[in-house]
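See structure below.
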Amino acid sequence: MKIKTFVLLSAFFLSLCVLSCKSTEQAEETPSEKVVESNKVEKQSSEEDSEYRRSVGTEKNISLDTFNADKAAIVKKITELNAIMAKRDYNSWLKYIDPESQKYWSTPANLAKASEKLPKNVKGLKLRTLQDYFIYVFIPSRNGRTIDEIRYNSADSIRAVQVSKNEDGTNRIVVYYNFVRQDGDWKVYLPRL
């Protein structure tokens, strides 16, 4: 009986030692997991800092918080515009366009100039109204595009851009939207000819 009790107690203590060693191993893994997580956070932070520096350029008066808030607002506007373009909802689109752009692109002479510059697949089409501009110019030029970053022209003027690599490894930047801040809200500015 004493031998049986001794064997059971030995097995019990051995089990405790094994469990204790495993929990020690897990405790030792935790700091390295923290280092890996910390490295991920640092890498993400570094990428955000790089994007911030590219975005603000020489506009040093724009803080990281302002940049993050502006980028979130611009991305939200573009998401809303994508839904509007999918429905071809001209009246909703107008609410996003700054008044100066609406005025400029409602002028027959400006629409005639734009008609001359239309791509070959719509050559011969005459833009007569701002709604024509919306349907035949604005939607096709932005449909299916991805916006990667923003670039400040000034604190109240932003370009929303897509960044890709050229064959020589340099960045190619395509501007798909221009925004201007008016009364605390971002509006789409339609570039002039």
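Chain labels A, B, ... are given in the sequence in which chains occur in the structure tokens; within each chain residues are numbered consecutively from 1, and ligands are likewise numbered from 1 in the order shown.
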
Exercise. Pick out the residues sitting within 12 Å of A:Phe134, and hand them over as a ChimeraX atom specification; count only C-alpha atoms, and ignore anything fewer than 5 positions along from it in its own chain.
Key: /A:81,84-94,96-97,101-102,105-106,111,127-129,139-143,190

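Residues in contact with A:Leu193 at 12 Å, where only C-alpha atoms are counted and same-chain residues fewer than 5 positions away are skipped, are listed as Ser101, Tyr104, Trp105, Ala109, Asn110, Leu111, Ala112, Lys113, Ala114, Ser115, Glu116 and Lys117 of chain A.
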
Could the residues in this selection be written to a file with N, CA and C atoms, as a PDB file, in the first residue's frame?
```
ATOM      1  N   SER A 101     -17.630  75.373 -59.128  1.00  0.00           N
ATOM      2  CA  SER A 101     -17.505  74.333 -60.156  1.00  0.00           C
ATOM      3  C   SER A 101     -18.824  74.143 -60.891  1.00  0.00           C
ATOM      4  N   TYR A 104     -19.119  77.077 -63.321  1.00  0.00           N
ATOM      5  CA  TYR A 104     -18.178  76.975 -64.445  1.00  0.00           C
ATOM      6  C   TYR A 104     -18.633  75.908 -65.438  1.00  0.00           C
ATOM      7  N   TRP A 105     -19.014  74.713 -64.931  1.00  0.00           N
ATOM      8  CA  TRP A 105     -19.349  73.601 -65.812  1.00  0.00           C
ATOM      9  C   TRP A 105     -20.787  73.639 -66.315  1.00  0.00           C
ATOM     10  N   ALA A 109     -19.981  77.451 -73.201  1.00  0.00           N
ATOM     11  CA  ALA A 109     -18.644  77.534 -73.822  1.00  0.00           C
ATOM     12  C   ALA A 109     -17.679  76.536 -73.179  1.00  0.00           C
ATOM     13  N   ASN A 110     -17.743  76.374 -71.867  1.00  0.00           N
ATOM     14  CA  ASN A 110     -16.850  75.432 -71.181  1.00  0.00           C
ATOM     15  C   ASN A 110     -17.229  73.987 -71.504  1.00  0.00           C
ATOM     16  N   LEU A 111     -18.525  73.731 -71.617  1.00  0.00           N
ATOM     17  CA  LEU A 111     -18.973  72.386 -71.988  1.00  0.00           C
ATOM     18  C   LEU A 111     -18.566  72.059 -73.422  1.00  0.00           C
ATOM     19  N   ALA A 112     -18.592  73.059 -74.303  1.00  0.00           N
ATOM     20  CA  ALA A 112     -18.168  72.849 -75.702  1.00  0.00           C
ATOM     21  C   ALA A 112     -16.679  72.500 -75.764  1.00  0.00           C
ATOM     22  N   LYS A 113     -15.865  73.199 -74.963  1.00  0.00           N
ATOM     23  CA  LYS A 113     -14.413  72.892 -74.920  1.00  0.00           C
ATOM     24  C   LYS A 113     -14.186  71.468 -74.425  1.00  0.00           C
ATOM     25  N   ALA A 114     -14.938  71.080 -73.390  1.00  0.00           N
ATOM     26  CA  ALA A 114     -14.800  69.728 -72.839  1.00  0.00           C
ATOM     27  C   ALA A 114     -15.250  68.681 -73.846  1.00  0.00           C
ATOM     28  N   SER A 115     -16.275  68.994 -74.638  1.00  0.00           N
ATOM     29  CA  SER A 115     -16.768  68.060 -75.667  1.00  0.00           C
ATOM     30  C   SER A 115     -15.670  67.724 -76.666  1.00  0.00           C
ATOM     31  N   GLU A 116     -14.840  68.711 -76.985  1.00  0.00           N
ATOM     32  CA  GLU A 116     -13.742  68.502 -77.938  1.00  0.00           C
ATOM     33  C   GLU A 116     -12.660  67.583 -77.383  1.00  0.00           C
ATOM     34  N   LYS A 117     -12.578  67.477 -76.061  1.00  0.00           N
ATOM     35  CA  LYS A 117     -11.518  66.689 -75.438  1.00  0.00           C
ATOM     36  C   LYS A 117     -11.988  65.314 -74.966  1.00  0.00           C
TER      37      LYS A 117
END
```

Exercise. Can you check which residues of stretch 46-117 of chain A DSSP gives as helix (DSSP H, G or I) on the backbone and send them as a ChimeraX atom specification?
Key: /A:46-56,64-87,90-94,99-104,108-116

Write out the residues from the selection above, keeping C-alpha atoms, as a PDB file, in the first residue's frame.
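Written output follows (again06.pdb):
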```pdb
ATOM      1  CA  SER A  46       5.808  54.212 -39.463  1.00  0.00           C
ATOM      2  CA  GLU A  47       3.687  53.674 -42.599  1.00  0.00           C
ATOM      3  CA  GLU A  48       1.117  56.185 -41.311  1.00  0.00           C
ATOM      4  CA  ASP A  49       3.914  58.665 -40.583  1.00  0.00           C
ATOM      5  CA  SER A  50       5.296  58.194 -44.121  1.00  0.00           C
ATOM      6  CA  GLU A  51       1.867  58.719 -45.662  1.00  0.00           C
ATOM      7  CA  TYR A  52       1.359  61.752 -43.446  1.00  0.00           C
ATOM      8  CA  ARG A  53       4.679  63.258 -44.590  1.00  0.00           C
ATOM      9  CA  ARG A  54       3.882  62.552 -48.269  1.00  0.00           C
ATOM     10  CA  SER A  55       0.407  64.013 -47.852  1.00  0.00           C
ATOM     11  CA  VAL A  56       1.260  67.263 -46.131  1.00  0.00           C
ATOM     12  CA  LEU A  64      -1.275  64.357 -37.735  1.00  0.00           C
ATOM     13  CA  ASP A  65      -4.697  64.543 -36.052  1.00  0.00           C
ATOM     14  CA  THR A  66      -5.949  67.003 -38.677  1.00  0.00           C
ATOM     15  CA  PHE A  67      -4.570  64.786 -41.451  1.00  0.00           C
ATOM     16  CA  ASN A  68      -6.317  61.704 -40.015  1.00  0.00           C
ATOM     17  CA  ALA A  69      -9.623  63.579 -39.635  1.00  0.00           C
ATOM     18  CA  ASP A  70      -9.411  65.054 -43.141  1.00  0.00           C
ATOM     19  CA  LYS A  71      -8.506  61.713 -44.725  1.00  0.00           C
ATOM     20  CA  ALA A  72     -11.411  59.989 -42.960  1.00  0.00           C
ATOM     21  CA  ALA A  73     -13.802  62.714 -44.161  1.00  0.00           C
ATOM     22  CA  ILE A  74     -12.508  62.506 -47.743  1.00  0.00           C
ATOM     23  CA  VAL A  75     -12.711  58.696 -47.831  1.00  0.00           C
ATOM     24  CA  LYS A  76     -16.283  58.914 -46.514  1.00  0.00           C
ATOM     25  CA  LYS A  77     -17.227  61.456 -49.204  1.00  0.00           C
ATOM     26  CA  ILE A  78     -15.715  59.257 -51.937  1.00  0.00           C
ATOM     27  CA  THR A  79     -17.615  56.211 -50.651  1.00  0.00           C
ATOM     28  CA  GLU A  80     -20.842  58.224 -50.768  1.00  0.00           C
ATOM     29  CA  LEU A  81     -19.985  59.516 -54.253  1.00  0.00           C
ATOM     30  CA  ASN A  82     -19.357  55.947 -55.451  1.00  0.00           C
ATOM     31  CA  ALA A  83     -22.901  54.995 -54.403  1.00  0.00           C
ATOM     32  CA  ILE A  84     -24.298  58.115 -56.111  1.00  0.00           C
ATOM     33  CA  MET A  85     -22.389  57.355 -59.324  1.00  0.00           C
ATOM     34  CA  ALA A  86     -23.621  53.749 -59.304  1.00  0.00           C
ATOM     35  CA  LYS A  87     -27.206  55.077 -59.257  1.00  0.00           C
ATOM     36  CA  TYR A  90     -27.380  63.640 -60.564  1.00  0.00           C
ATOM     37  CA  ASN A  91     -29.370  65.602 -57.960  1.00  0.00           C
ATOM     38  CA  SER A  92     -27.553  63.948 -55.053  1.00  0.00           C
ATOM     39  CA  TRP A  93     -24.211  64.473 -56.810  1.00  0.00           C
ATOM     40  CA  LEU A  94     -24.827  68.225 -57.042  1.00  0.00           C
ATOM     41  CA  PRO A  99     -20.823  76.124 -56.255  1.00  0.00           C
ATOM     42  CA  GLU A 100     -17.993  77.641 -58.339  1.00  0.00           C
ATOM     43  CA  SER A 101     -17.505  74.333 -60.156  1.00  0.00           C
ATOM     44  CA  GLN A 102     -21.234  74.036 -60.794  1.00  0.00           C
ATOM     45  CA  LYS A 103     -21.274  77.527 -62.277  1.00  0.00           C
ATOM     46  CA  TYR A 104     -18.178  76.975 -64.445  1.00  0.00           C
ATOM     47  CA  PRO A 108     -22.078  76.309 -72.649  1.00  0.00           C
ATOM     48  CA  ALA A 109     -18.644  77.534 -73.822  1.00  0.00           C
ATOM     49  CA  ASN A 110     -16.850  75.432 -71.181  1.00  0.00           C
ATOM     50  CA  LEU A 111     -18.973  72.386 -71.988  1.00  0.00           C
ATOM     51  CA  ALA A 112     -18.168  72.849 -75.702  1.00  0.00           C
ATOM     52  CA  LYS A 113     -14.413  72.892 -74.920  1.00  0.00           C
ATOM     53  CA  ALA A 114     -14.800  69.728 -72.839  1.00  0.00           C
ATOM     54  CA  SER A 115     -16.768  68.060 -75.667  1.00  0.00           C
ATOM     55  CA  GLU A 116     -13.742  68.502 -77.938  1.00  0.00           C
TER      56      GLU A 116
END
```

Quiz prompt | atom CA of A:Asn61 to atom CA of A:Asp185, straight-line distance in Å | solution = 19.0 Å

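For the pair atom CA of A:Leu125 and atom CA of A:Gly144, the interatomic distance is 22.8 Å.
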
Quiz prompt | A:Asp156 surroundings by only C-alpha atoms, 9 Å radius, close-in-sequence under 4 positions cut, as an MDAnalysis selection string | solution = chainID A and resid 152 179:182 186

Would you save the residues from that selection as a PDB file, in the first residue's frame, using N, CA and C atoms?
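Saved result, out_36.pdb, follows:
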```pdb
ATOM      1  N   TYR A 152      -2.227  67.364 -49.795  1.00  0.00           N
ATOM      2  CA  TYR A 152      -2.664  68.731 -49.517  1.00  0.00           C
ATOM      3  C   TYR A 152      -2.059  69.703 -50.525  1.00  0.00           C
ATOM      4  N   PHE A 179     -10.730  68.309 -53.717  1.00  0.00           N
ATOM      5  CA  PHE A 179     -11.691  68.761 -52.710  1.00  0.00           C
ATOM      6  C   PHE A 179     -11.277  70.124 -52.180  1.00  0.00           C
ATOM      7  N   VAL A 180     -12.266  70.957 -51.892  1.00  0.00           N
ATOM      8  CA  VAL A 180     -12.028  72.235 -51.231  1.00  0.00           C
ATOM      9  C   VAL A 180     -12.928  72.288 -49.995  1.00  0.00           C
ATOM     10  N   ARG A 181     -12.375  72.879 -48.929  1.00  0.00           N
ATOM     11  CA  ARG A 181     -13.160  73.000 -47.699  1.00  0.00           C
ATOM     12  C   ARG A 181     -13.964  74.290 -47.779  1.00  0.00           C
ATOM     13  N   GLN A 182     -15.272  74.143 -47.577  1.00  0.00           N
ATOM     14  CA  GLN A 182     -16.173  75.300 -47.576  1.00  0.00           C
ATOM     15  C   GLN A 182     -17.103  75.188 -46.381  1.00  0.00           C
ATOM     16  N   TRP A 186     -16.115  69.377 -46.858  1.00  0.00           N
ATOM     17  CA  TRP A 186     -15.336  69.149 -48.071  1.00  0.00           C
ATOM     18  C   TRP A 186     -16.273  68.999 -49.258  1.00  0.00           C
TER      19      TRP A 186
END
```

Self-check item: Point-to-point distance from atom CA of A:Thr170 to atom CA of A:Ile147, Å rounded to tenths
Solution: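 Taking atom CA of A:Thr170 and atom CA of A:Ile147, their separation equals 18.0 Å.
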